[in-house]
Amino acid sequence: MTAQPALYLSFSITGLDFSAAGEASTKIKKALKQIGVTDEVVRRTAIAAYEAEMNVAIHAEKGTIEVWVDREQIKIVVSDQGPGIADIDLAMKEGFSTAPELAREMGFGAGMGLPNIKRCTDNLEINSTVGKGTTLNMLIHISTAGN
Amino acid sequence: MKLSEIQRILDAEVLVGHEWLDEIDAQKACGADLMSDVLAFTKGRTLLLTGLTNCQVIRTAELIDLIGLVFVRGKRPGEDVISMARENHLPVMLTKLPLYETCGLLYAAGLNNVPK
């Protein structure tokens, strides 16, 4: 981000807290609508943030989600302390999941989370260390049509 | 198709939003129990038909602006889910019909602009 962000948001995520999971994404969506971001960009951001937030709740002990918004782009960084991802390429395949049964009971764990994030963002970088945790860096352009 | 018409076709019980049924119009419907599929494939004024009755259904609905929910197979959600739907002004109905028949009836009645 080269300019002072118009908006900065930060939230904590607790692992296995499924009653709270999704709250951060809901607040992010509301904030974006309040500052006049277009519906399509809000939708893509909401989906990417929600899938990332659910991944932390499902797989990790805890994590954070941070959002920076300026005139040109939305940057989302989701970072967790958790098991990490052993094979990122495999994790990106639709249908591949390491989610426990509890996640499937929630309607998640179908192996669509990371593919959905990739579909909704203009740039996605995943850094992970097994046994430590995972960080997702996501960018969504505001000023172009995007994906 | 108005939600009031959908309620009539499905003989559905209204759990939230009786007062909104004549005002809200569905363009499309989606039958799914996997929320990531709903996030991936729905767009527009969509009614979700589902057997998943936990609060993540409400979260999903709110995040992608679904216009209403129909729980199928007679699966009644808990009070926490109903309260959450009410807070989000999300109409919710309950039908005894299975998902397949629910989809078929609505599709045959003209709610057939299915999302690609």
# chains A, B, ... in the order shown; residues from 1 in each chain; ligands from 1

call {"tool": "interface_residues", "arguments": {"of": "chain A", "to": "chain B", "cutoff": "12 Å", "atoms": "only C-alpha atoms", "output": "ChimeraX atom specification"}}
result
/A:17-30,32-33,39-55,94-95,102-120

call {"tool": "select_by_dssp", "arguments": {"residues": "stretch 10-138 of chain A", "states": "strand (DSSP E or B)", "output": "ChimeraX atom specification"}}
result
/A:10-14,62-69,73-81,123-129,133-138

call {"tool": "residues_around", "arguments": {"residues": "A:Lys75", "least_positions_apart": "6", "cutoff": "6 Å", "atoms": "only C-alpha atoms", "output": "PyMOL selection string"}}
result
chain A and resi 67-68+138-139

call {"tool": "closest_residue", "arguments": {"among": "A:Ala99, A:Leu7, A:Val78, A:Leu124", "to": "A:Gly36", "atoms": "only C-alpha atoms"}}
result
A:Leu7

call {"tool": "closest_residue", "arguments": {"among": "B:Leu94, B:Cys30, B:Met84, B:Ala12", "to": "B:Tyr107", "atoms": "only C-alpha atoms"}}
result
B:Cys30

call {"tool": "atom_distance", "arguments": {"atom1": "atom CA of A:Leu136", "atom2": "atom CA of A:Val77"}}
result
5.6 Å

call {"tool": "closest_residue", "arguments": {"among": "B:Ala26, B:Val16, B:Met1, B:Ile6", "to": "B:Glu87", "atoms": "only C-alpha atoms"}}
result
B:Val16

call {"tool": "atom_distance", "arguments": {"atom1": "atom CA of A:Gln73", "atom2": "atom CA of A:Asn123"}}
result
10.9 Å

call {"tool": "atom_distance", "arguments": {"atom1": "atom CA of A:Gly84", "atom2": "atom CA of A:Lys132"}}
result
6.0 Å

call {"tool": "residues_around", "arguments": {"residues": "A:Gly15", "least_positions_apart": "2", "cutoff": "9 Å", "atoms": "only C-alpha atoms", "output": "PyMOL selection string"}}
result
chain A and resi 13+17-18+21+56-63+82

call {"tool": "residues_around", "arguments": {"residues": "B:Lys28", "least_positions_apart": "3", "cutoff": "12 Å", "atoms": "only C-alpha atoms", "output": "ChimeraX atom specification"}}
result
/B:1-3,6,25,31,41-49,66-68,103,106-107,109-116

call {"tool": "write_last_selection", "arguments": {"atoms": "C-alpha atoms", "output": "mmCIF file, in the first residue's frame"}}
result
data_model
loop_
_atom_site.group_PDB
_atom_site.id
_atom_site.type_symbol
_atom_site.label_atom_id
_atom_site.label_comp_id
_atom_site.auth_asym_id
_atom_site.auth_seq_id
_atom_site.Cartn_x
_atom_site.Cartn_y
_atom_site.Cartn_z
ATOM 1 C CA MET B 1 -41.250 -15.028 -7.754
ATOM 2 C CA LYS B 2 -42.507 -13.586 -4.513
ATOM 3 C CA LEU B 3 -41.612 -15.435 -1.306
ATOM 4 C CA ILE B 6 -42.922 -19.898 -2.755
ATOM 5 C CA ASP B 25 -38.793 -11.367 -4.911
ATOM 6 C CA GLY B 31 -30.206 -26.188 -3.344
ATOM 7 C CA PHE B 41 -21.773 -20.564 -7.320
ATOM 8 C CA THR B 42 -24.523 -18.163 -6.281
ATOM 9 C CA LYS B 43 -25.076 -14.629 -7.484
ATOM 10 C CA GLY B 44 -28.116 -12.389 -7.738
ATOM 11 C CA ARG B 45 -31.362 -12.480 -5.808
ATOM 12 C CA THR B 46 -31.101 -16.085 -4.673
ATOM 13 C CA LEU B 47 -33.186 -18.196 -2.315
ATOM 14 C CA LEU B 48 -31.215 -20.949 -0.568
ATOM 15 C CA LEU B 49 -32.821 -24.349 -0.090
ATOM 16 C CA LEU B 66 -29.198 -14.214 -0.141
ATOM 17 C CA ILE B 67 -32.820 -13.101 -0.081
ATOM 18 C CA GLY B 68 -34.169 -15.954 2.028
ATOM 19 C CA CYS B 103 -36.190 -27.807 -6.148
ATOM 20 C CA LEU B 106 -40.042 -24.349 -7.636
ATOM 21 C CA TYR B 107 -38.300 -24.970 -10.950
ATOM 22 C CA ALA B 109 -43.390 -23.177 -11.149
ATOM 23 C CA GLY B 110 -41.046 -20.822 -12.961
ATOM 24 C CA LEU B 111 -38.186 -20.153 -10.531
ATOM 25 C CA ASN B 112 -35.786 -21.544 -13.100
ATOM 26 C CA ASN B 113 -33.192 -18.832 -13.705
ATOM 27 C CA VAL B 114 -30.666 -21.084 -12.023
ATOM 28 C CA PRO B 115 -27.170 -19.699 -11.332
ATOM 29 C CA LYS B 116 -24.419 -20.872 -13.665
#

call {"tool": "closest_residue", "arguments": {"among": "B:Ser4, B:Gln27, B:Thr102, B:Thr50", "to": "B:Arg76", "atoms": "only C-alpha atoms"}}
result
B:Thr50
